[in-house]
Amino acid sequence: MYPVTTIHYLALSAALLLIGTVGVLTRRNIVVILMSIELILNAVNINLVAFSHAFRAVNGQIFAIFVITDAVAEAAVGLGILIALFRNKETVLADEVDLLKW
Amino acid sequence: MVTMNFLDQIGWIPLFPLLGAVLMLAFGKLLDPQREEQGPGAAGQGPALRGLIGLICPGMVLISFLLSCGAVWQVARTPGRIHQVIQFTWVAGLPFQMANGHSALFQADWGFLLDPLSAVMILIVTGIGFLIHVYSVGYMAHDGGYYRFFGYLNLFVFFMLMLVLANNYALLFVGWEGVGLCSYLLIGFYFHKKSAADAGKKAFVMNRVGDAGFILGMLLMLWVLGTVRFTDVNALLRGGGFQPEVAGFGVLSAMSLLMFVGATGKSAQVPLYTWLPDAMEGPTPVSALIHAATMVTAGVYMVARSAALFQLTPGTSMIVATIGAFTAILAASIALVQNDIKRVLAYSTVSQLGYMFVALGVGAYWVAVFHLFTHAFFKALLFLGSGSVIHALGGEQDMRRMGALWKRIPVTHGTMLAGSVAIAGIPGFAGFFSKDEILWQAYSAPNGGTILWMVGLATAGLTAFYMFRLMYMTFYGASRVTAEKEKHIHESPRVMTVPLTVLALGSAFAGWLGTPKLWHLSASFRAFENWLAPAFATAEGVEHLASAEWILMGLSVAVALAGIGVARYFYSIRTDIPERLAQTWRPVYTVLYNKWYVDELYDFLFVNGLGKGLGRSCSAFDRDVVDGGVNGAGWLTRFISWLSIWWDTWIVDGAVRLTSFLVKALSYPVCVLQTGRVQAYAFYVVIGFLAFFGYYVTR
């Protein structure tokens, strides 16, 4: 059995980042987009925790906690915006909301 | 005994007729509610109230007459026979620069001057005015607009009294214009008749022509003398500061000539006489009062009032005499063939006024006023008599449909006979004395001459002829009255015949106040000349042989008798002669019958030529030059604004739009990227990241 090394973590992190990015770019439902953003943040968290473990330094874990906190706040704000949007436009699909232009 | 001081109250004399006029014009309609449109013949309602009008208006004039008598009685006892009352300053001083460079103030008083001349005038105006008012009560009884008639008549008396009592030219001019206004209103009294309304307008417009001359003369007087008050003007002119303009035509001659132009308008002299015959459209008492006895003599009065000026300007005086003589014979020649009874009298009036101007022109001012005085009696009488005839015949004015009336209306006949004898110049009657004196002065005065006298003598013959033609056609011979009118004939009521009788007495005896010197009667038979002597300060005439004067007097009487005789032969004995003469002398007859075509000439020259021509050229000027200028300016403005619009649209706006177009064109590629979809933006972020990442990795 191979030991789980930093490379594995990094590979998982890269895979999550890729999945999250593709999810953000391709999915229409804003809820799923928010979930994909969580995937990207968690990919970062895995990176931080993996390097923290590899360098025997606690800074990375502290950062990971910060990111989790930030993710919670971001989810709360994002879902709040989503509800407000739904009340006004009765849709949760990102491509039906295109007001952000000239 | 309490004695009233009439002299200081002369300002009140005109105010009573004014009160009457104001009462009538303000409240008359309440007293006499009869409608105007009912016209002559409509029976009056409420005779008691109409009677009140008939009491008030003549009464006001009677009060003025009595006040005038009192004032004249007292002024006769004043040294110099002159009294001036200045009630207040009417035109406060307007500064101006006189001809000699001095600065002066134009001031005019509300003031009254009673001297021998104005004394004669106010007695004529109020005395004869009163008689005519009384007559009108009967004459107008069947007409609509009774109150309006008396209101205007009283207003006329007010203005006429202002005219003759004024102590300066400016106030005289107020009365002058006022009587013109009343003349207009009364000529057009039957305003529903177009001819009457037109005649009123004609009189008004022709008088304006004369008034323009009067105003200019007055302004020239102000400029040269610095005052318009009669006493000051006379003092300046007689003070020796001005030399008589014997040789040349100086500023004084211009002044007197302009004043005379005013007189020709008011007193119906050539060339401004044609309004007076047309003025006969007015009611007959108006013709008697305004167009025979008083208003038309205003010009004579004004020239007599300016005697000091005319004495200094023999050139103008010569013109005055010539115009007077020409008018006299011209009007008399027209009167020969007219068939309308009032028109004959109208031309007779013009002719007699011409006599007065002959007297004024030769410097015999008192004679002119004397003739004015006697003429007022007999011409008022003749007009009122003709009114009585017209009244009796129910409105008939054409003498060809009269005749044999003397038995039917004896009082009218008797009084008119007295008037005709007077105007014809039969010795003993009023007209003889004044006319003979004029003829004698025209012959003997330094300014006069044989030609003036001959014209005057010929006019006297014509006058006697046409007056007795009128008498024979109206009162004698066979009756030519239509059967319908025949039944209607009646003598006029007392209220009309009594004034006629009084005037007839005046026509018979008024002349004895001015008998010829030749007769060597006592001073009271020469009262008129002595009375007026202080007003004119004329030099004594050159002594002539008494035999010459006797011969001239005999000649004028012979001519008058010949005129009467010819009239009798033509219109009573051989009534076929006038018709035959008219046939033989067709051109002469036609010219006379058509009044020498003067009206047509004036129509051609002034109405159509000058008036309409000027109108047309003014209209062309307005259309082509004034409107052309406006239109041209409009076109230019439009053209400039079009240029401006083009510049604005294509250059200014073009630059702005070009800028915006460039910005748009340049920004277009970037705009395409901005889709508004969040995921597209996220995609760009990823692309950017990958680009940076790729750049750093592959470096």
# chains A, B, ... in the order shown; residues from 1 in each chain; ligands from 1
call {"tool": "interface_residues", "arguments": {"of": "chain A", "to": "chain B", "cutoff": "6 Å", "atoms": "only C-alpha atoms", "output": "PyMOL selection string"}}
result
chain A and resi 25+95+98-101
call {"tool": "residues_around", "arguments": {"residues": "stretch 437-449 of chain B", "least_positions_apart": "2", "cutoff": "8 Å", "atoms": "only C-alpha atoms", "output": "PyMOL selection string"}}
result
chain B and resi 314+318+355-356+358-359+361-364+367-368+433-435+451-453+456-457+516+541-542+544+549+552-553
call {"tool": "residues_around", "arguments": {"residues": "stretch 83-92 of chain A", "least_positions_apart": "4", "cutoff": "10 Å", "atoms": "only C-alpha atoms", "output": "count of residues only"}}
result
10
call {"tool": "atom_distance", "arguments": {"atom1": "atom CA of B:Met140", "atom2": "atom CA of B:Pro283"}}
result
8.3 Å
call {"tool": "closest_residue", "arguments": {"among": "A:Ala57, A:Val4, A:Ile19, A:Ile81", "to": "A:Met35", "atoms": "only C-alpha atoms"}}
result
A:Ile19
call {"tool": "atom_distance", "arguments": {"atom1": "atom CA of B:Leu185", "atom2": "atom CA of B:Trp275"}}
result
14.1 Å
call {"tool": "atom_distance", "arguments": {"atom1": "atom CA of B:Val125", "atom2": "atom CA of B:Val164"}}
result
9.1 Å
call {"tool": "select_by_dssp", "arguments": {"residues": "stretch 6-212 of chain B", "states": "strand (DSSP E)", "output": "MDAnalysis selection string"}}
result
chainID B and resid 83:97 103:114
call {"tool": "residues_around", "arguments": {"residues": "B:Gln74", "least_positions_apart": "5", "cutoff": "10 Å", "atoms": "only C-alpha atoms", "output": "number ranges by chain"}}
result
B: 4-7, 68-69, 81, 83
call {"tool": "residues_around", "arguments": {"residues": "stretch 94-107 of chain B", "least_positions_apart": "2", "cutoff": "10 Å", "atoms": "only C-alpha atoms", "output": "PyMOL selection string"}}
result
chain B and resi 89-92+109+168+170+220-229
call {"tool": "write_last_selection", "arguments": {"atoms": "N, CA and C atoms", "output": "compact mmCIF listing (two decimals), in the first residue's frame"}}
result
# COMPACT_ATOMS: atom_id res chain seq x y z
N THR B 89 -56.52 131.79 -16.24
CA THR B 89 -55.62 131.44 -17.34
C THR B 89 -55.93 130.03 -17.76
N TRP B 90 -56.20 129.91 -19.04
CA TRP B 90 -56.71 128.63 -19.54
C TRP B 90 -55.54 127.78 -20.03
N VAL B 91 -54.68 128.34 -20.85
CA VAL B 91 -53.46 127.64 -21.24
C VAL B 91 -52.34 128.29 -20.46
N ALA B 92 -51.79 127.57 -19.48
CA ALA B 92 -50.70 128.12 -18.68
C ALA B 92 -49.47 128.20 -19.55
N ASP B 109 -56.05 133.13 -22.11
CA ASP B 109 -56.99 133.34 -21.01
C ASP B 109 -58.28 132.63 -21.32
N ASN B 168 -59.27 136.30 -27.00
CA ASN B 168 -58.03 135.95 -27.70
C ASN B 168 -58.35 134.97 -28.80
N ALA B 170 -57.06 132.06 -29.46
CA ALA B 170 -57.13 130.64 -29.10
C ALA B 170 -58.54 130.29 -28.63
N LEU B 220 -48.37 131.64 -36.57
CA LEU B 220 -47.45 132.65 -37.10
C LEU B 220 -47.55 133.92 -36.27
N MET B 221 -48.78 134.26 -35.88
CA MET B 221 -48.99 135.44 -35.04
C MET B 221 -48.26 135.28 -33.71
N LEU B 222 -48.38 134.08 -33.15
CA LEU B 222 -47.72 133.80 -31.88
C LEU B 222 -46.21 133.93 -32.03
N TRP B 223 -45.72 133.47 -33.16
CA TRP B 223 -44.28 133.45 -33.38
C TRP B 223 -43.74 134.87 -33.57
N VAL B 224 -44.55 135.70 -34.23
CA VAL B 224 -44.07 137.06 -34.53
C VAL B 224 -44.39 138.01 -33.39
N LEU B 225 -45.62 137.91 -32.85
CA LEU B 225 -46.05 138.89 -31.86
C LEU B 225 -45.93 138.38 -30.44
N GLY B 226 -45.94 137.06 -30.27
CA GLY B 226 -45.78 136.49 -28.94
C GLY B 226 -47.04 136.48 -28.12
N THR B 227 -48.18 136.86 -28.69
CA THR B 227 -49.42 136.85 -27.92
C THR B 227 -50.58 136.65 -28.89
N VAL B 228 -51.70 136.15 -28.37
CA VAL B 228 -52.88 136.04 -29.22
C VAL B 228 -54.06 136.80 -28.61
N ARG B 229 -53.81 137.57 -27.56
CA ARG B 229 -54.90 138.34 -26.96
C ARG B 229 -55.18 139.55 -27.84
call {"tool": "residues_around", "arguments": {"residues": "stretch 480-482 of chain B", "least_positions_apart": "3", "cutoff": "8 Å", "atoms": "only C-alpha atoms", "output": "ChimeraX atom specification"}}
result
/B:400-403,485-486
call {"tool": "residues_around", "arguments": {"residues": "A:Ser13", "least_positions_apart": "3", "cutoff": "9 Å", "atoms": "only C-alpha atoms", "output": "PyMOL selection string"}}
result
chain A and resi 8-10+16-18+40+42-47
call {"tool": "decode", "arguments": {"residues": "stretch 31-61 of chain A", "atoms": "C-alpha atoms", "output": "compact mmCIF listing (two decimals), in the first residue's frame"}}
result
# COMPACT_ATOMS: atom_id res chain seq x y z
CA VAL A 31 -27.72 27.05 -6.22
CA VAL A 32 -25.47 24.59 -8.05
CA ILE A 33 -23.08 27.44 -8.93
CA LEU A 34 -22.84 28.34 -5.25
CA MET A 35 -22.19 24.68 -4.47
CA SER A 36 -19.45 24.63 -7.11
CA ILE A 37 -17.88 27.69 -5.47
CA GLU A 38 -17.86 25.71 -2.20
CA LEU A 39 -15.97 22.94 -4.09
CA ILE A 40 -13.33 25.47 -5.23
CA LEU A 41 -12.96 26.82 -1.68
CA ASN A 42 -12.63 23.30 -0.32
CA ALA A 43 -9.98 22.50 -2.93
CA VAL A 44 -8.03 25.45 -1.53
CA ASN A 45 -8.66 24.26 2.01
CA ILE A 46 -7.27 20.81 1.14
CA ASN A 47 -4.18 22.48 -0.33
CA LEU A 48 -3.69 24.59 2.81
CA VAL A 49 -4.16 21.69 5.18
CA ALA A 50 -1.88 19.39 3.05
CA PHE A 51 0.96 21.96 3.01
CA SER A 52 0.40 22.67 6.71
CA HIS A 53 0.87 18.98 7.41
CA ALA A 54 3.87 18.69 5.08
CA PHE A 55 5.72 21.72 6.56
CA ARG A 56 4.71 21.01 10.13
CA ALA A 57 3.35 24.55 10.44
CA VAL A 58 -0.03 25.50 11.81
CA ASN A 59 -0.51 28.68 9.69
CA GLY A 60 -2.21 26.76 6.88
CA GLN A 61 -4.80 25.24 9.19
